[in-house]
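Undergrad: To be precise about what I am sending: the file is called final.cif and holds mmCIF, N, CA and C atoms.
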data_work
#
loop_
_atom_site.label_atom_id
_atom_site.label_comp_id
_atom_site.auth_asym_id
_atom_site.auth_seq_id
_atom_site.Cartn_x
_atom_site.Cartn_y
_atom_site.Cartn_z
N ILE A 1 -36.10 59.59 10.72
CA ILE A 1 -37.28 59.25 9.95
C ILE A 1 -37.48 60.34 8.91
N PRO A 2 -37.67 59.99 7.66
CA PRO A 2 -37.90 61.01 6.61
C PRO A 2 -39.19 61.79 6.86
N ARG A 3 -39.28 62.96 6.28
CA ARG A 3 -40.46 63.81 6.42
C ARG A 3 -41.69 63.08 5.91
N HIS A 4 -42.78 63.15 6.68
CA HIS A 4 -44.00 62.43 6.33
C HIS A 4 -45.19 63.05 7.07
N ALA A 5 -46.38 62.57 6.77
CA ALA A 5 -47.60 63.00 7.46
C ALA A 5 -48.50 61.79 7.66
N HIS A 6 -49.35 61.87 8.66
CA HIS A 6 -50.36 60.85 8.91
C HIS A 6 -51.72 61.52 8.73
N LEU A 7 -52.58 60.91 7.96
CA LEU A 7 -53.86 61.55 7.67
C LEU A 7 -54.86 61.47 8.81
N ASN A 8 -54.89 60.35 9.51
CA ASN A 8 -55.98 60.13 10.45
C ASN A 8 -55.56 59.81 11.87
N TRP A 9 -54.30 59.97 12.22
CA TRP A 9 -53.94 59.65 13.59
C TRP A 9 -52.89 60.60 14.14
N PHE A 10 -52.85 60.63 15.46
CA PHE A 10 -51.89 61.41 16.21
C PHE A 10 -50.63 60.57 16.42
N GLU A 11 -49.50 61.23 16.68
CA GLU A 11 -48.27 60.52 17.00
C GLU A 11 -47.59 61.23 18.16
N LEU A 12 -47.34 60.50 19.23
CA LEU A 12 -46.67 61.02 20.41
C LEU A 12 -45.24 60.50 20.41
N THR A 13 -44.25 61.40 20.37
CA THR A 13 -42.84 61.03 20.36
C THR A 13 -42.24 61.38 21.71
N VAL A 14 -41.56 60.40 22.33
CA VAL A 14 -40.91 60.59 23.62
C VAL A 14 -39.41 60.41 23.41
N VAL A 15 -38.62 61.46 23.64
CA VAL A 15 -37.17 61.39 23.48
C VAL A 15 -36.60 60.75 24.75
N THR A 16 -35.96 59.58 24.58
CA THR A 16 -35.45 58.82 25.73
C THR A 16 -33.94 58.98 25.92
N GLY A 17 -33.25 59.61 24.97
CA GLY A 17 -31.82 59.83 25.11
C GLY A 17 -31.29 60.73 24.01
N GLY A 18 -30.24 61.47 24.32
CA GLY A 18 -29.60 62.33 23.32
C GLY A 18 -30.40 63.58 23.03
N SER A 19 -30.13 64.15 21.85
CA SER A 19 -30.85 65.36 21.43
C SER A 19 -30.92 65.39 19.91
N GLY A 20 -31.82 66.22 19.40
CA GLY A 20 -32.00 66.33 17.96
C GLY A 20 -32.99 67.43 17.65
N THR A 21 -33.63 67.30 16.49
CA THR A 21 -34.56 68.31 16.01
C THR A 21 -35.80 67.62 15.45
N ILE A 22 -36.96 68.15 15.80
CA ILE A 22 -38.20 67.73 15.17
C ILE A 22 -38.62 68.85 14.23
N TYR A 23 -38.82 68.51 12.98
CA TYR A 23 -39.37 69.45 12.00
C TYR A 23 -40.88 69.21 11.97
N SER A 24 -41.65 70.28 12.08
CA SER A 24 -43.11 70.15 12.03
C SER A 24 -43.70 71.37 11.34
N ASN A 25 -44.29 71.13 10.18
CA ASN A 25 -45.00 72.19 9.45
C ASN A 25 -44.18 73.45 9.28
N GLY A 26 -42.92 73.30 8.85
CA GLY A 26 -42.07 74.44 8.57
C GLY A 26 -41.29 74.99 9.74
N GLU A 27 -41.43 74.38 10.91
CA GLU A 27 -40.74 74.86 12.10
C GLU A 27 -39.80 73.78 12.63
N ASN A 28 -38.57 74.15 12.99
CA ASN A 28 -37.61 73.23 13.60
C ASN A 28 -37.63 73.43 15.11
N LEU A 29 -37.84 72.33 15.84
CA LEU A 29 -37.93 72.39 17.30
C LEU A 29 -36.84 71.52 17.90
N PRO A 30 -35.92 72.10 18.68
CA PRO A 30 -34.89 71.28 19.32
C PRO A 30 -35.54 70.41 20.40
N VAL A 31 -35.09 69.15 20.49
CA VAL A 31 -35.58 68.23 21.51
C VAL A 31 -34.40 67.55 22.18
N LYS A 32 -34.62 67.11 23.44
CA LYS A 32 -33.58 66.43 24.20
C LYS A 32 -34.26 65.37 25.07
N GLU A 33 -33.46 64.58 25.73
CA GLU A 33 -33.99 63.54 26.60
C GLU A 33 -35.03 64.12 27.56
N GLY A 34 -36.17 63.45 27.65
CA GLY A 34 -37.24 63.89 28.52
C GLY A 34 -38.31 64.70 27.81
N ASP A 35 -38.07 65.14 26.58
CA ASP A 35 -39.07 65.90 25.83
C ASP A 35 -40.10 64.97 25.21
N ILE A 36 -41.31 65.49 25.09
CA ILE A 36 -42.42 64.78 24.46
C ILE A 36 -43.00 65.70 23.41
N TYR A 37 -43.29 65.16 22.22
CA TYR A 37 -43.86 65.97 21.15
C TYR A 37 -45.09 65.27 20.60
N LEU A 38 -46.17 66.02 20.36
CA LEU A 38 -47.40 65.48 19.82
C LEU A 38 -47.62 66.00 18.41
N SER A 39 -47.70 65.09 17.44
CA SER A 39 -48.04 65.44 16.06
C SER A 39 -49.52 65.20 15.85
N PHE A 40 -50.18 66.17 15.23
CA PHE A 40 -51.60 66.06 14.92
C PHE A 40 -51.80 65.44 13.54
N PRO A 41 -52.99 64.91 13.26
CA PRO A 41 -53.25 64.40 11.90
C PRO A 41 -52.99 65.49 10.87
N GLY A 42 -52.30 65.13 9.80
CA GLY A 42 -52.00 66.08 8.72
C GLY A 42 -50.72 66.86 8.90
N ASP A 43 -50.09 66.83 10.07
CA ASP A 43 -48.82 67.53 10.28
C ASP A 43 -47.73 66.89 9.42
N ILE A 44 -46.96 67.70 8.74
CA ILE A 44 -45.78 67.22 8.02
C ILE A 44 -44.62 67.32 8.99
N HIS A 45 -43.97 66.18 9.29
CA HIS A 45 -42.97 66.18 10.34
C HIS A 45 -41.87 65.15 10.08
N ASP A 46 -40.75 65.34 10.78
CA ASP A 46 -39.67 64.35 10.82
C ASP A 46 -38.87 64.58 12.09
N ILE A 47 -37.98 63.65 12.40
CA ILE A 47 -37.10 63.77 13.56
C ILE A 47 -35.70 63.39 13.12
N ARG A 48 -34.70 64.18 13.56
CA ARG A 48 -33.33 63.92 13.09
C ARG A 48 -32.31 64.43 14.10
N THR A 49 -31.08 63.97 13.92
CA THR A 49 -29.95 64.44 14.70
C THR A 49 -28.76 64.52 13.76
N GLU A 50 -27.81 65.38 14.08
CA GLU A 50 -26.64 65.51 13.21
C GLU A 50 -25.40 64.89 13.82
N ASN A 51 -25.09 65.21 15.07
CA ASN A 51 -23.83 64.77 15.65
C ASN A 51 -23.98 63.87 16.86
N GLU A 52 -25.17 63.78 17.41
CA GLU A 52 -25.36 63.05 18.65
C GLU A 52 -26.36 61.92 18.44
N LYS A 53 -26.22 60.88 19.24
CA LYS A 53 -27.18 59.80 19.21
C LYS A 53 -28.53 60.31 19.70
N LEU A 54 -29.60 59.88 19.06
CA LEU A 54 -30.95 60.27 19.44
C LEU A 54 -31.78 59.01 19.60
N ASP A 55 -32.28 58.78 20.80
CA ASP A 55 -33.16 57.63 21.06
C ASP A 55 -34.55 58.16 21.35
N TYR A 56 -35.56 57.50 20.81
CA TYR A 56 -36.93 57.92 21.06
C TYR A 56 -37.89 56.76 20.83
N ASP A 57 -39.04 56.86 21.43
CA ASP A 57 -40.15 55.95 21.21
C ASP A 57 -41.30 56.78 20.68
N TYR A 58 -42.15 56.16 19.88
CA TYR A 58 -43.33 56.89 19.42
C TYR A 58 -44.55 55.99 19.49
N PHE A 59 -45.67 56.63 19.69
CA PHE A 59 -46.95 55.95 19.82
C PHE A 59 -47.94 56.65 18.89
N SER A 60 -48.54 55.89 18.00
CA SER A 60 -49.55 56.43 17.10
C SER A 60 -50.92 56.00 17.59
N PHE A 61 -51.87 56.91 17.54
CA PHE A 61 -53.22 56.56 17.99
C PHE A 61 -54.26 57.38 17.25
N TYR A 62 -55.45 56.82 17.19
CA TYR A 62 -56.58 57.41 16.50
C TYR A 62 -57.66 57.72 17.53
N CYS A 63 -58.19 58.92 17.52
CA CYS A 63 -59.25 59.31 18.45
C CYS A 63 -60.36 59.97 17.64
N LYS A 64 -61.32 59.19 17.25
CA LYS A 64 -62.39 59.70 16.39
C LYS A 64 -63.04 60.96 16.95
N GLY A 65 -63.30 60.98 18.23
CA GLY A 65 -63.95 62.13 18.84
C GLY A 65 -63.07 63.37 18.94
N LEU A 66 -61.75 63.22 18.71
CA LEU A 66 -60.84 64.36 18.85
C LEU A 66 -60.36 64.93 17.53
N LEU A 67 -60.82 64.42 16.41
CA LEU A 67 -60.33 64.91 15.12
C LEU A 67 -60.69 66.37 14.88
N HIS A 68 -61.73 66.88 15.52
CA HIS A 68 -62.06 68.30 15.36
C HIS A 68 -60.97 69.19 15.94
N ILE A 69 -60.15 68.67 16.85
CA ILE A 69 -59.04 69.44 17.43
C ILE A 69 -58.06 69.85 16.34
N ASN A 70 -57.85 68.98 15.37
CA ASN A 70 -56.91 69.25 14.29
C ASN A 70 -57.31 70.52 13.53
N ARG A 71 -58.58 70.74 13.35
CA ARG A 71 -59.04 71.92 12.62
C ARG A 71 -58.89 73.20 13.44
N ALA A 72 -58.96 73.09 14.75
CA ALA A 72 -58.96 74.28 15.60
C ALA A 72 -57.59 74.63 16.16
N ARG A 73 -56.62 73.72 16.07
CA ARG A 73 -55.35 73.91 16.76
C ARG A 73 -54.57 75.11 16.27
N SER A 74 -54.62 75.44 14.97
CA SER A 74 -53.84 76.57 14.47
C SER A 74 -54.34 77.88 15.07
N ALA A 75 -55.62 78.05 15.13
CA ALA A 75 -56.19 79.28 15.68
C ALA A 75 -55.89 79.39 17.17
N ALA A 76 -55.84 78.25 17.84
CA ALA A 76 -55.59 78.27 19.29
C ALA A 76 -54.12 78.50 19.62
N GLY A 77 -53.22 78.24 18.66
CA GLY A 77 -51.80 78.44 18.90
C GLY A 77 -51.23 77.48 19.93
N TRP A 78 -51.69 76.27 19.94
CA TRP A 78 -51.25 75.28 20.94
C TRP A 78 -49.78 74.97 20.81
N LYS A 79 -49.10 74.84 21.91
CA LYS A 79 -47.71 74.39 21.94
C LYS A 79 -47.72 72.89 22.20
N ARG A 80 -47.01 72.15 21.37
CA ARG A 80 -47.07 70.70 21.46
C ARG A 80 -45.74 70.08 21.84
N ASN A 81 -44.86 70.84 22.41
CA ASN A 81 -43.57 70.31 22.85
C ASN A 81 -43.52 70.42 24.37
N PHE A 82 -43.34 69.29 25.04
CA PHE A 82 -43.37 69.25 26.49
C PHE A 82 -42.07 68.65 27.01
N SER A 83 -41.72 68.94 28.24
CA SER A 83 -40.59 68.31 28.91
C SER A 83 -41.09 67.60 30.15
N LEU A 84 -40.54 66.41 30.38
CA LEU A 84 -40.87 65.69 31.61
C LEU A 84 -40.16 66.36 32.75
N LEU A 85 -40.84 66.53 33.86
CA LEU A 85 -40.21 67.09 35.06
C LEU A 85 -39.57 65.94 35.82
N ARG A 86 -38.28 66.03 36.06
CA ARG A 86 -37.57 64.98 36.76
C ARG A 86 -37.31 65.44 38.19
N GLN A 87 -37.74 64.65 39.13
CA GLN A 87 -37.55 64.94 40.55
C GLN A 87 -36.47 64.02 41.10
N PRO A 88 -35.56 64.54 41.92
CA PRO A 88 -34.56 63.65 42.54
C PRO A 88 -35.24 62.66 43.47
N LEU A 89 -34.71 61.46 43.52
CA LEU A 89 -35.28 60.43 44.41
C LEU A 89 -34.81 60.62 45.82
#
Could the structure of this file be written out as structure tokens, please?
TA:
Amino acid sequence: IPRHAHLNWFELTVVTGGSGTIYSNGENLPVKEGDIYLSFPGDIHDIRTENEKLDYDYFSFYCKGLLHINRARSAAGWKRNFSLLRQPL
């Protein structure tokens, strides 16, 4: 997906296979299967891969009561890249 931003909504990206890189506000973050990334309103971001297949799903949502988080997140230094914990069955 080319670099872009959303003005009024969040975007949750779930990597379902392979690996790649998420660019967000000047930072490149490696991602792999099981990783989840949250983009805040106004974040400039993209997702890409060079040599490997990358599968992902994304969910965009608007939370009127949470838009103040966007203004405070830089000062808080929040980390928005998560990994799913996989437990053996």
Undergrad: Mind listing whatever residues come within 12 Å of the point (-49.7, 63.6, 12.9)? Use only C-alpha atoms, file coordinates, and give them as a count of residues only.
TA: 34
Undergrad: Would you compute the distance between atom CA of Val14 of chain A and atom CA of Gly26 of chain A? Give it in Å to one decimal.
TA: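 Distance reported for this atom pair: 20.5 Å.
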Undergrad: Written as a list in words, what is the full residue list that the PyMOL selection byres ((chain A and resi 16) around 5) yields on the file shown?
TA: Val14, Val15, Gly17, Gly18, Glu33, Gly34, Asp55 and Tyr56 of chain A
Undergrad: To one decimal place, how far is atom N of Gly20 of chain A from atom N of Ile36 of chain A in Å?
TA: 11.1 Å
Undergrad: What is the atom CA of Pro2 of chain A to atom CA of Asp57 of chain A distance in Å?
TA: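 Calculated distance between atom CA of Pro2 of chain A and atom CA of Asp57 of chain A is 15.6 Å.
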